[in-house]
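Structure file structure31.csv; described as CSV, C-alpha atoms.
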```csv
chain,number,residue,atom,x,y,z
F,966,MET,CA,0.0,0.0,0.0
F,967,ALA,CA,1.5,3.4,-1.0
F,968,GLY,CA,1.9,6.2,1.5
F,969,ASP,CA,-1.1,8.1,0.1
F,970,ASP,CA,-3.3,5.0,0.4
F,971,VAL,CA,-2.2,4.6,4.0
F,972,MET,CA,-3.1,8.2,4.8
F,973,LYS,CA,-6.5,7.9,3.1
F,974,ALA,CA,-7.2,4.7,5.1
F,975,LEU,CA,-6.2,6.4,8.4
F,976,ARG,CA,-8.2,9.5,7.7
F,977,ALA,CA,-11.3,7.3,6.8
F,978,PHE,CA,-10.8,5.2,9.9
F,979,VAL,CA,-10.7,8.3,12.2
F,980,ALA,CA,-13.6,10.0,10.4
F,981,GLU,CA,-15.8,6.9,10.6
F,982,ARG,CA,-15.4,7.0,14.4
F,983,ASP,CA,-15.4,10.8,14.8
F,984,TRP,CA,-12.1,10.5,16.6
F,985,GLY,CA,-10.6,13.6,14.9
F,986,GLN,CA,-12.0,15.7,17.8
F,987,PHE,CA,-9.5,13.9,20.1
F,988,HIS,CA,-6.5,14.3,17.8
F,989,SER,CA,-4.9,17.5,18.8
F,990,PRO,CA,-1.2,17.7,18.1
F,991,GLU,CA,-0.6,17.4,21.9
F,992,ASN,CA,-2.8,14.3,22.3
F,993,LEU,CA,-1.2,12.7,19.2
F,994,ALA,CA,2.3,13.4,20.5
F,995,LYS,CA,1.4,11.9,23.9
F,996,SER,CA,0.1,8.9,22.1
F,997,VAL,CA,3.3,8.5,20.1
F,998,ALA,CA,5.3,8.5,23.4
F,999,ILE,CA,2.9,6.0,25.1
F,1000,GLU,CA,3.0,3.6,22.2
F,1001,ALA,CA,6.8,3.9,21.9
F,1002,GLY,CA,6.9,2.9,25.6
F,1003,GLU,CA,4.8,-0.2,24.8
F,1004,LEU,CA,7.1,-1.0,21.9
F,1005,LEU,CA,10.1,-0.7,24.2
F,1006,GLU,CA,8.4,-3.0,26.7
F,1007,CYS,CA,8.5,-5.8,24.1
F,1008,PHE,CA,12.3,-5.8,24.6
F,1009,GLN,CA,12.3,-5.0,28.4
F,1010,TRP,CA,13.8,-8.1,29.8
F,1011,SER,CA,15.4,-9.7,26.7
F,1012,PRO,CA,16.6,-8.8,23.3
F,1013,ASP,CA,14.5,-11.7,22.0
F,1014,THR,CA,10.9,-10.7,21.6
F,1015,ASP,CA,7.6,-11.8,20.2
F,1016,VAL,CA,7.9,-10.3,16.7
F,1017,SER,CA,4.1,-10.3,16.3
F,1018,ARG,CA,3.6,-8.2,19.4
F,1019,ALA,CA,6.5,-5.9,18.4
F,1020,ARG,CA,5.0,-5.4,15.0
F,1021,ASP,CA,1.6,-4.4,16.5
F,1022,GLU,CA,3.3,-1.9,18.8
F,1023,LEU,CA,5.4,-0.5,15.9
F,1024,ALA,CA,2.2,-0.1,13.8
F,1025,ASP,CA,0.7,1.9,16.7
F,1026,VAL,CA,3.7,4.2,16.9
F,1027,LEU,CA,3.7,4.7,13.1
F,1028,THR,CA,0.0,5.3,13.0
F,1029,TYR,CA,0.2,8.1,15.6
F,1030,CYS,CA,3.2,9.6,13.9
F,1031,LEU,CA,1.4,9.7,10.6
F,1032,LEU,CA,-1.7,11.1,12.2
F,1033,LEU,CA,0.4,13.8,13.9
F,1034,ALA,CA,2.2,14.7,10.7
F,1035,ASP,CA,-1.2,14.9,9.0
F,1036,ARG,CA,-2.6,17.2,11.7
F,1037,LEU,CA,0.5,19.4,11.5
F,1038,GLY,CA,0.1,19.6,7.7
F,1039,VAL,CA,3.4,18.1,6.9
F,1040,ASP,CA,4.3,15.3,4.4
F,1041,PRO,CA,5.9,12.6,6.5
F,1042,ASN,CA,8.1,11.4,3.6
F,1043,ALA,CA,9.4,14.9,2.9
F,1044,LEU,CA,9.9,15.4,6.7
F,1045,VAL,CA,12.1,12.3,6.9
F,1046,LEU,CA,14.1,13.2,3.8
F,1047,GLU,CA,14.7,16.8,5.1
F,1048,LYS,CA,15.8,15.5,8.5
F,1049,LEU,CA,18.1,12.9,6.8
F,1050,GLU,CA,19.8,15.7,5.0
F,1051,GLN,CA,20.4,17.6,8.2
F,1052,THR,CA,21.7,14.5,9.9
F,1053,ARG,CA,23.9,13.7,6.9
F,1054,ALA,CA,25.5,17.1,7.4
F,1055,LYS,CA,26.1,16.5,11.1
F,1056,TYR,CA,27.4,13.0,10.6
F,1057,PRO,CA,29.6,13.0,7.4
F,1058,VAL,CA,30.7,9.5,6.4
F,1059,GLU,CA,34.4,10.2,6.8
F,1060,ARG,CA,33.9,11.1,10.5
F,1061,ALA,CA,30.9,9.0,11.5
F,1062,TYR,CA,31.5,5.7,9.7
F,1063,GLY,CA,31.3,2.8,12.2
F,1064,ARG,CA,31.0,5.2,15.2
F,1065,SER,CA,28.1,5.9,17.5
F,1066,THR,CA,29.7,9.1,18.9
F,1067,LYS,CA,27.5,12.1,19.0
F,1068,TYR,CA,28.3,14.7,16.3
F,1069,ASP,CA,29.6,17.3,18.7
F,1070,GLN,CA,32.1,14.9,20.2
F,1071,PHE,CA,33.9,13.8,17.0
```

Could you show the structure in this file as structure tokens?
Amino acid sequence: MAGDDVMKALRAFVAERDWGQFHSPENLAKSVAIEAGELLECFQWSPDTDVSRARDELADVLTYCLLLADRLGVDPNALVLEKLEQTRAKYPVERAYGRSTKYDQF
């Protein structure tokens, strides 16, 4: 399913339930954090996890991220590509390759 199809499906799902009234940017951001915590919980005690459960939680995180982007009027694909360019400038390959050091500590 293409990105536009996903957004159309999400918008229809929310509209059918009249949930848009609850989807302020603040509430959606909170939901992203809550669902991210639930995703992290899948790995809490072991690096091994139930992949099915992790997929479900990841889907929830992505769903709220997409809904937040939509509410803010930003294209999530463009947003990621813009941020990738910023990060590429902070972490040039010749300095960052194979390192996890933060950019300001190279």

Give me, please, the distance in Å between atom CA of F:Gln1051 and atom CA of F:Glu1022, quoted to one decimal.
28.0 Å

Close residues, stretch 975-989 of chain F itself excluded, 12 Å, all atoms listed in the file, min 4 positions apart in chain, as a ChimeraX atom specification:
/F:968-971,993-997,1024-1025,1027-1037

Shell around stretch 1001-1013 of chain F at 8 Å using all atoms listed in the file, local window under 3 positions removed, as an MDAnalysis selection string:
chainID F and resid 997:998 1018:1019 1022:1023 1026

My list of candidates is F:Met972, F:Tyr1068, F:Ile999, F:Thr1014. Which is closest to F:Thr1052 when distances are computed with all atoms listed in the file?
F:Tyr1068

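Taking atom CA of F:Leu1046 and atom CA of F:Val1058 as the two end points, the separation is 17.2 Å.
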
Tell me, in Å to one decimal, how far atom CA of F:Pro1041 is from atom CA of F:Asn992.
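Separation between atom CA of F:Pro1041 and atom CA of F:Asn992: 18.1 Å.
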
Using only C-alpha atoms: which of F:Glu991, F:Phe1071, F:Asp1021, F:Asp1040 has the shortest distance to F:Pro1057:
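Ranking F:Glu991, F:Phe1071, F:Asp1021, F:Asp1040 by distance to F:Pro1057, first place goes to F:Phe1071.
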
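If you measure from each of F:Lys1055, F:Glu1050, F:Pro990, F:Ala974 to F:Gly1038 using only C-alpha atoms, the closest one turns out to be F:Pro990.
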
Please complete stretch 1040-1068 of chain F with N, CA and C atoms and give it back as a PDB file, in the coordinates of the input.
```
ATOM      1  N   ASP F1040       4.168  16.597   5.142  1.00  0.00           N
ATOM      2  CA  ASP F1040       4.300  15.300   4.400  1.00  0.00           C
ATOM      3  C   ASP F1040       5.347  14.505   5.164  1.00  0.00           C
ATOM      4  N   PRO F1041       4.969  13.350   5.723  1.00  0.00           N
ATOM      5  CA  PRO F1041       5.900  12.600   6.500  1.00  0.00           C
ATOM      6  C   PRO F1041       7.143  12.115   5.684  1.00  0.00           C
ATOM      7  N   ASN F1042       6.953  11.801   4.422  1.00  0.00           N
ATOM      8  CA  ASN F1042       8.100  11.400   3.600  1.00  0.00           C
ATOM      9  C   ASN F1042       9.062  12.550   3.401  1.00  0.00           C
ATOM     10  N   ALA F1043       8.542  13.727   3.104  1.00  0.00           N
ATOM     11  CA  ALA F1043       9.400  14.900   2.900  1.00  0.00           C
ATOM     12  C   ALA F1043      10.090  15.249   4.250  1.00  0.00           C
ATOM     13  N   LEU F1044       9.361  15.112   5.345  1.00  0.00           N
ATOM     14  CA  LEU F1044       9.900  15.400   6.700  1.00  0.00           C
ATOM     15  C   LEU F1044      11.119  14.521   6.963  1.00  0.00           C
ATOM     16  N   VAL F1045      10.986  13.231   6.692  1.00  0.00           N
ATOM     17  CA  VAL F1045      12.100  12.300   6.900  1.00  0.00           C
ATOM     18  C   VAL F1045      13.270  12.610   6.033  1.00  0.00           C
ATOM     19  N   LEU F1046      13.006  12.899   4.767  1.00  0.00           N
ATOM     20  CA  LEU F1046      14.100  13.200   3.800  1.00  0.00           C
ATOM     21  C   LEU F1046      14.816  14.498   4.227  1.00  0.00           C
ATOM     22  N   GLU F1047      14.070  15.513   4.671  1.00  0.00           N
ATOM     23  CA  GLU F1047      14.700  16.800   5.100  1.00  0.00           C
ATOM     24  C   GLU F1047      15.577  16.518   6.340  1.00  0.00           C
ATOM     25  N   LYS F1048      15.070  15.746   7.286  1.00  0.00           N
ATOM     26  CA  LYS F1048      15.800  15.500   8.500  1.00  0.00           C
ATOM     27  C   LYS F1048      17.062  14.609   8.152  1.00  0.00           C
ATOM     28  N   LEU F1049      16.930  13.705   7.201  1.00  0.00           N
ATOM     29  CA  LEU F1049      18.100  12.900   6.800  1.00  0.00           C
ATOM     30  C   LEU F1049      19.178  13.787   6.224  1.00  0.00           C
ATOM     31  N   GLU F1050      18.828  14.808   5.474  1.00  0.00           N
ATOM     32  CA  GLU F1050      19.800  15.700   5.000  1.00  0.00           C
ATOM     33  C   GLU F1050      20.530  16.487   6.091  1.00  0.00           C
ATOM     34  N   GLN F1051      19.763  16.923   7.089  1.00  0.00           N
ATOM     35  CA  GLN F1051      20.400  17.600   8.200  1.00  0.00           C
ATOM     36  C   GLN F1051      21.306  16.666   8.990  1.00  0.00           C
ATOM     37  N   THR F1052      20.882  15.438   9.172  1.00  0.00           N
ATOM     38  CA  THR F1052      21.700  14.500   9.900  1.00  0.00           C
ATOM     39  C   THR F1052      22.930  14.088   9.076  1.00  0.00           C
ATOM     40  N   ARG F1053      22.781  13.997   7.773  1.00  0.00           N
ATOM     41  CA  ARG F1053      23.900  13.700   6.900  1.00  0.00           C
ATOM     42  C   ARG F1053      24.998  14.793   7.066  1.00  0.00           C
ATOM     43  N   ALA F1054      24.588  16.052   7.202  1.00  0.00           N
ATOM     44  CA  ALA F1054      25.500  17.100   7.400  1.00  0.00           C
ATOM     45  C   ALA F1054      26.233  17.041   8.765  1.00  0.00           C
ATOM     46  N   LYS F1055      25.489  16.620   9.782  1.00  0.00           N
ATOM     47  CA  LYS F1055      26.100  16.500  11.100  1.00  0.00           C
ATOM     48  C   LYS F1055      27.004  15.287  11.234  1.00  0.00           C
ATOM     49  N   TYR F1056      26.695  14.258  10.472  1.00  0.00           N
ATOM     50  CA  TYR F1056      27.400  13.000  10.600  1.00  0.00           C
ATOM     51  C   TYR F1056      28.032  12.619   9.196  1.00  0.00           C
ATOM     52  N   PRO F1057      29.039  13.362   8.730  1.00  0.00           N
ATOM     53  CA  PRO F1057      29.600  13.000   7.400  1.00  0.00           C
ATOM     54  C   PRO F1057      30.277  11.620   7.539  1.00  0.00           C
ATOM     55  N   VAL F1058      30.185  10.885   6.455  1.00  0.00           N
ATOM     56  CA  VAL F1058      30.700   9.500   6.400  1.00  0.00           C
ATOM     57  C   VAL F1058      32.098   9.394   6.930  1.00  0.00           C
ATOM     58  N   GLU F1059      32.950  10.301   6.479  1.00  0.00           N
ATOM     59  CA  GLU F1059      34.400  10.200   6.800  1.00  0.00           C
ATOM     60  C   GLU F1059      34.629  10.367   8.327  1.00  0.00           C
ATOM     61  N   ARG F1060      33.703  10.946   9.062  1.00  0.00           N
ATOM     62  CA  ARG F1060      33.900  11.100  10.500  1.00  0.00           C
ATOM     63  C   ARG F1060      33.000  10.152  11.309  1.00  0.00           C
ATOM     64  N   ALA F1061      31.902   9.730  10.731  1.00  0.00           N
ATOM     65  CA  ALA F1061      30.900   9.000  11.500  1.00  0.00           C
ATOM     66  C   ALA F1061      30.939   7.460  11.192  1.00  0.00           C
ATOM     67  N   TYR F1062      31.599   7.049  10.142  1.00  0.00           N
ATOM     68  CA  TYR F1062      31.500   5.700   9.700  1.00  0.00           C
ATOM     69  C   TYR F1062      31.949   4.706  10.844  1.00  0.00           C
ATOM     70  N   GLY F1063      31.044   3.824  11.205  1.00  0.00           N
ATOM     71  CA  GLY F1063      31.300   2.800  12.200  1.00  0.00           C
ATOM     72  C   GLY F1063      31.391   3.320  13.643  1.00  0.00           C
ATOM     73  N   ARG F1064      30.956   4.546  13.861  1.00  0.00           N
ATOM     74  CA  ARG F1064      31.000   5.200  15.200  1.00  0.00           C
ATOM     75  C   ARG F1064      29.639   5.529  15.668  1.00  0.00           C
ATOM     76  N   SER F1065      29.418   5.459  16.963  1.00  0.00           N
ATOM     77  CA  SER F1065      28.100   5.900  17.500  1.00  0.00           C
ATOM     78  C   SER F1065      28.292   7.180  18.324  1.00  0.00           C
ATOM     79  N   THR F1066      29.449   7.818  18.197  1.00  0.00           N
ATOM     80  CA  THR F1066      29.700   9.100  18.900  1.00  0.00           C
ATOM     81  C   THR F1066      28.800  10.166  18.421  1.00  0.00           C
ATOM     82  N   LYS F1067      28.326  10.985  19.348  1.00  0.00           N
ATOM     83  CA  LYS F1067      27.500  12.100  19.000  1.00  0.00           C
ATOM     84  C   LYS F1067      28.303  13.112  18.166  1.00  0.00           C
ATOM     85  N   TYR F1068      27.650  13.785  17.221  1.00  0.00           N
ATOM     86  CA  TYR F1068      28.300  14.700  16.300  1.00  0.00           C
ATOM     87  C   TYR F1068      29.187  15.729  16.929  1.00  0.00           C
TER      88      TYR F1068
END
```
